[in-house]
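The structure under discussion appears below in the form of structure tokens.
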Amino acid sequence: MAGRKASTQEVEQPAHAGRRKISTHTIHDVAAIAGVASITVSRYFNTPDKVSPARRARIEAAIAQTGFVPSQAAMGLASARSKVVCAVIPSIANSVFSETVQGMSDVLRSSGYQLLLASSNYSTAEEESAVRAFAGWRPAGMILTGPLHSAQVDAMLRAAAFPVVETWDVRPNRPFHQVGFSHEQVGYDQAMHLIEQGARRIRFIKTGLPEDFRAQQRALGYVRAMETKGLKAEVETPAETDPFEAGAAAMARFAATSPRTRPKAIIFANDNMAAGAILAAPACGLSLPADCAIVGFGDFPIAKRLTPALTTVHPGRYEIGATAASLVLRLIEGADGDRKPPEPQSHHIATRFLVRASSSMAARGARKGA
């Protein structure tokens with residue numbers, strides 16, 4: 001109260017005082033209200049299909065009445081099996097991975113599993129920190145992005161007692177199952193699309209992220225295509241890390257270059273960079289695709305709404321996540337049945353090359369001396 005001197009007396013709290021329970025009710029309370037055995041309630045959470053519909057309804061009513069939430073840690077210890085699958089993606093903010101996460105979540109949820117997610121921010125060090133933390137919880141399985149990890153992550157995964165699936169890329173001789181596609185082949189196909197239209201001066205612009213390994217693989221595919229046709233490859237790494245700014249800056253540099261030496265086509269590492277370039281072109285006095293053809297990657301929602309609409313590659317984002325989650329569940333089931341685990345396999349997801357207006361004029365550029 002006002003005017004009263006504040007007390008400085010400290011009251012020692014018991015060691016468990018900071019621990020907060022989600023619910024004061026126990027599994028035994030739920031069982032008593034539902035009129036079933038406690039083991040039946042446990043079975044309801046672990047293998048609900050083995051509980052009759054009538055008992056499930058009574059248990060659900062008891063859970064609603066008590067607000068009971070089971071301890072996943074305790075259930076994992078009791079059953080020696082977690083109901084959580086962990087995943088590490090490069091970026092939560094990047095929309096290209098959102099559908100992959102949705103695919104994982106949809107498949108796992110339908111089988112009674114939950115997805116625990118972390119972002120590596122395109123950093124192998126941050127990925128290692130996430131994998132180490134997740135592994136300590138003994139998850140049912142783990143899904144990672146790409147096959148390139150730190151030596152410590154590879155060692156942890158090889159020693160793990162849970163199945164591991166790598167996504168978004170396929171590389172030979174990996175000890176884990178993979179779900180994805182060849183980014184190098186995508187880069188090759190992007191370049192060949194422009195070459196076949198007559199473009200000869202073609203540039204590839206990577207992201208400003210040094211550990212965006214998949215963009216680097218697409219750049220290698222572009223280089224292979226150019227060398228196959230006896231053409232000079234030009235790979236540029238922007239200083240800007242924001243993709244829209246990187247694309248806009250690329251257009252400004254393009255406009256400042258002599259028309260005689262300008263590239264007639266640019267492949268951007270992702271659609272956001274390409275969008276930044278297309279949106280900046282009018283202010284730079286450029287007409288696309290007459291002055292320069294543009295190709296992106298990702299098939300982001302903005303791609304087909306740009307003017308000109310962006311030629312891009314759709315990478316099967318949802319299919320990657322759903323397939324990876326289904327594979328993890330099959331591997332979990334095999335481990336539970338004490339069957340010999342299958343040899344690691346590569347599961348290829350088809351990509352779609354979407355030709356739109358932004359690259360349809362490359363041939364006109366060729367006739368002007370591309």
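For the structure tokens, the naming scheme is as follows: chains receive sequential letters (A, B, ...) according to their order of presentation, residues are indexed from 1 within each chain, and ligands are indexed from 1 in presentation order.
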Exercise: stretch 341-352 of chain A partners within 8 Å, only C-alpha atoms, chain neighbours under 3 positions left out, as a VMD selection string:
chain A and resid 170 174 to 181 313 to 316 319 to 320 331 334 to 335
Expected file: the selected residues, N, CA and C atoms, as a PDB file, in the first residue's frame:
```
ATOM      1  N   VAL A 170      19.091 -34.747 -53.753  1.00  0.00           N
ATOM      2  CA  VAL A 170      19.522 -36.141 -53.768  1.00  0.00           C
ATOM      3  C   VAL A 170      20.980 -36.178 -54.210  1.00  0.00           C
ATOM      4  N   ARG A 174      25.030 -41.394 -49.893  1.00  0.00           N
ATOM      5  CA  ARG A 174      24.680 -40.922 -48.559  1.00  0.00           C
ATOM      6  C   ARG A 174      24.143 -42.099 -47.749  1.00  0.00           C
ATOM      7  N   PRO A 175      24.375 -42.130 -46.430  1.00  0.00           N
ATOM      8  CA  PRO A 175      23.918 -43.255 -45.600  1.00  0.00           C
ATOM      9  C   PRO A 175      22.472 -43.122 -45.142  1.00  0.00           C
ATOM     10  N   PHE A 176      21.751 -42.104 -45.644  1.00  0.00           N
ATOM     11  CA  PHE A 176      20.383 -41.868 -45.207  1.00  0.00           C
ATOM     12  C   PHE A 176      19.442 -41.828 -46.411  1.00  0.00           C
ATOM     13  N   HIS A 177      18.174 -42.079 -46.144  1.00  0.00           N
ATOM     14  CA  HIS A 177      17.174 -41.948 -47.199  1.00  0.00           C
ATOM     15  C   HIS A 177      17.061 -40.485 -47.607  1.00  0.00           C
ATOM     16  N   GLN A 178      16.796 -40.258 -48.899  1.00  0.00           N
ATOM     17  CA  GLN A 178      16.695 -38.903 -49.422  1.00  0.00           C
ATOM     18  C   GLN A 178      15.397 -38.739 -50.210  1.00  0.00           C
ATOM     19  N   VAL A 179      14.814 -37.565 -50.114  1.00  0.00           N
ATOM     20  CA  VAL A 179      13.599 -37.235 -50.861  1.00  0.00           C
ATOM     21  C   VAL A 179      13.822 -35.873 -51.509  1.00  0.00           C
ATOM     22  N   GLY A 180      13.849 -35.820 -52.815  1.00  0.00           N
ATOM     23  CA  GLY A 180      14.074 -34.541 -53.479  1.00  0.00           C
ATOM     24  C   GLY A 180      14.377 -34.707 -54.946  1.00  0.00           C
ATOM     25  N   PHE A 181      15.288 -33.887 -55.448  1.00  0.00           N
ATOM     26  CA  PHE A 181      15.628 -33.882 -56.873  1.00  0.00           C
ATOM     27  C   PHE A 181      17.029 -33.316 -57.034  1.00  0.00           C
ATOM     28  N   VAL A 313      10.644 -22.688 -61.968  1.00  0.00           N
ATOM     29  CA  VAL A 313      10.612 -24.136 -61.755  1.00  0.00           C
ATOM     30  C   VAL A 313       9.803 -24.412 -60.503  1.00  0.00           C
ATOM     31  N   HIS A 314       8.783 -25.272 -60.644  1.00  0.00           N
ATOM     32  CA  HIS A 314       8.000 -25.697 -59.478  1.00  0.00           C
ATOM     33  C   HIS A 314       8.656 -26.956 -58.910  1.00  0.00           C
ATOM     34  N   PRO A 315       9.119 -26.918 -57.647  1.00  0.00           N
ATOM     35  CA  PRO A 315       9.904 -28.029 -57.103  1.00  0.00           C
ATOM     36  C   PRO A 315       9.137 -29.104 -56.342  1.00  0.00           C
ATOM     37  N   GLY A 316       7.822 -29.150 -56.396  1.00  0.00           N
ATOM     38  CA  GLY A 316       7.089 -30.188 -55.670  1.00  0.00           C
ATOM     39  C   GLY A 316       7.254 -30.071 -54.169  1.00  0.00           C
ATOM     40  N   GLU A 319       4.882 -32.287 -51.927  1.00  0.00           N
ATOM     41  CA  GLU A 319       5.191 -33.712 -52.138  1.00  0.00           C
ATOM     42  C   GLU A 319       6.466 -34.121 -51.409  1.00  0.00           C
ATOM     43  N   ILE A 320       7.447 -33.219 -51.360  1.00  0.00           N
ATOM     44  CA  ILE A 320       8.692 -33.516 -50.646  1.00  0.00           C
ATOM     45  C   ILE A 320       8.399 -33.762 -49.170  1.00  0.00           C
ATOM     46  N   LEU A 331       9.750 -46.250 -41.691  1.00  0.00           N
ATOM     47  CA  LEU A 331      10.993 -46.658 -41.030  1.00  0.00           C
ATOM     48  C   LEU A 331      10.773 -46.871 -39.535  1.00  0.00           C
ATOM     49  N   GLY A 334       9.042 -50.192 -39.172  1.00  0.00           N
ATOM     50  CA  GLY A 334       9.988 -51.288 -39.373  1.00  0.00           C
ATOM     51  C   GLY A 334      10.869 -51.504 -38.173  1.00  0.00           C
ATOM     52  N   ALA A 335      11.299 -50.393 -37.535  1.00  0.00           N
ATOM     53  CA  ALA A 335      12.141 -50.519 -36.339  1.00  0.00           C
ATOM     54  C   ALA A 335      11.357 -51.154 -35.194  1.00  0.00           C
TER      55      ALA A 335
END
```
For A:Ile59, find every residue with an atom within 9 Å (counting only C-alpha atoms), except residues of its own chain fewer than 4 positions away, and show them as a ChimeraX atom specification.
/A:30-31,33-36,40-41,44,54-55,63-64
Determine which residues of stretch 65-240 of chain A receive a DSSP assignment of alpha helix (DSSP H), computed from the backbone, and state them as a ChimeraX atom specification.
/A:65-66,72-79,98-110,124-136,151-159,183-196,213-228
Within 8 Å of A:Cys284 using only C-alpha atoms, minus same-chain residues under 6 positions, as a PDB file with N, CA, C and O atoms, in the first residue's frame:
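Contents of selection_33.pdb, freshly written:
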```
ATOM      1  N   MET A 251      19.299  -5.424 -61.602  1.00  0.00           N
ATOM      2  CA  MET A 251      18.744  -4.675 -62.725  1.00  0.00           C
ATOM      3  C   MET A 251      19.439  -3.329 -62.885  1.00  0.00           C
ATOM      4  O   MET A 251      19.677  -2.860 -64.004  1.00  0.00           O
ATOM      5  N   ALA A 252      19.768  -2.689 -61.766  1.00  0.00           N
ATOM      6  CA  ALA A 252      20.462  -1.400 -61.846  1.00  0.00           C
ATOM      7  C   ALA A 252      21.835  -1.579 -62.489  1.00  0.00           C
ATOM      8  O   ALA A 252      22.248  -0.760 -63.332  1.00  0.00           O
ATOM      9  N   ALA A 255      21.330  -2.157 -66.244  1.00  0.00           N
ATOM     10  CA  ALA A 255      21.016  -0.939 -66.986  1.00  0.00           C
ATOM     11  C   ALA A 255      22.244  -0.067 -67.203  1.00  0.00           C
ATOM     12  O   ALA A 255      22.330   0.669 -68.196  1.00  0.00           O
TER      13      ALA A 255
END
```
What's the 7 Å shell around A:Gly141, counting only C-alpha atoms, without same-chain residues fewer than 3 positions away, as a VMD selection string?
chain A and resid 85 to 86 162 to 164 328
Write out as an NGL selection string all residues of stretch 91-292 of chain A that DSSP puts in strand (DSSP E) for this structure's backbone.
:A and (114-119 or 141-145 or 164-167 or 177-180 or 202-205 or 234-236 or 265-268)
Among the residues A:Val96, A:Leu108, A:Val131, A:Ala199, the one that comes closest to A:Pro301 [using only C-alpha atoms]:
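That would be A:Val96, the residue with the smallest distance to A:Pro301.
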Using 9 Å as the limit and counting only C-alpha atoms, can you tabulate each residue of stretch 172-249 of chain A that touches stretch 259-263 of chain A, with its shortest atom-to-atom distance in Å and the two atoms involved, as JSON lines?
```
{"residue": "A:Ala199", "atom": "CA", "partner": "A:Pro263", "partner_atom": "CA", "distance": 8.6}
{"residue": "A:Arg200", "atom": "CA", "partner": "A:Pro263", "partner_atom": "CA", "distance": 8.0}
{"residue": "A:Arg201", "atom": "CA", "partner": "A:Pro263", "partner_atom": "CA", "distance": 4.6}
{"residue": "A:Ile202", "atom": "CA", "partner": "A:Pro263", "partner_atom": "CA", "distance": 5.3}
{"residue": "A:Arg203", "atom": "CA", "partner": "A:Pro263", "partner_atom": "CA", "distance": 6.3}
```
Counting only C-alpha atoms, the option among A:Ala140, A:Ala135, A:Ala161, A:Ala249 closest to A:Gln114:
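The shortest atom-to-atom distance to A:Gln114 comes from A:Ala140.
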Atom pair atom CA of A:Thr311 / atom CA of A:Ala233: separation (Å)
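Separation of atom CA of A:Thr311 and atom CA of A:Ala233: 20.3 Å.
Distance check against A:Trp137 using only C-alpha atoms: of A:Lys83, A:Arg253, A:Lys206, A:His28, the minimum falls on A:Lys83.
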Write out as a PyMOL selection string each polymer residue whose atoms come within 10 Å of A:Gln216, counting only C-alpha atoms; drop sequence neighbours fewer than 3 positions from it.
chain A and resi 183-184+187+205-207+209-213+219-222+235+269
Looking at A:Ser52, A:Ser95, A:Gln197, A:Thr100, which one is nearest to A:Asn270, with distances taken over only C-alpha atoms?
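Result for the nearest residue to A:Asn270: A:Ser95.
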What is the atom CA of A:Ala191-atom CA of A:Met226 distance in Å, reported with one decimal?
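Between these atoms lies a distance of 7.2 Å.
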Shell of 6 Å around A:Glu166, only C-alpha atoms, local chain residues under 2 positions omitted, as a VMD selection string
chain A and resid 143 to 146 178
Between atom CA of A:Leu148 and atom CA of A:Val165 lies a distance of 12.7 Å
Counting only C-alpha atoms, what is within 9 Å of A:Gly112, bar same-chain residues fewer than 6 positions away, as a list of chain:residue names?
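Result of the neighbour search: A:Phe45, A:Asn46, A:Thr47, A:Pro48, A:Lys83.
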Keeping only C-alpha atoms, write those residues as a PDB file, in the first residue's frame.
```
ATOM      1  CA  PHE A  45      -2.968 -41.697 -26.846  1.00  0.00           C
ATOM      2  CA  ASN A  46      -0.463 -44.164 -28.308  1.00  0.00           C
ATOM      3  CA  THR A  47      -2.550 -46.384 -30.598  1.00  0.00           C
ATOM      4  CA  PRO A  48      -6.074 -44.926 -30.755  1.00  0.00           C
ATOM      5  CA  LYS A  83       5.454 -39.509 -30.808  1.00  0.00           C
TER       6      LYS A  83
END
```
Identify which of the residues A:Ile39, A:Phe297, A:Glu245, A:Leu279 lies closest to A:Asp189, counting only C-alpha atoms when measuring atom-to-atom distances.
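Going through A:Ile39, A:Phe297, A:Glu245, A:Leu279 one by one, the smallest distance to A:Asp189 is for A:Phe297.
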Name the closest residue to A:Cys292 among the candidates A:Ala225, A:Leu194, A:Val84, A:Ile332; distances are taken between atoms, counting only C-alpha atoms.
A:Leu194
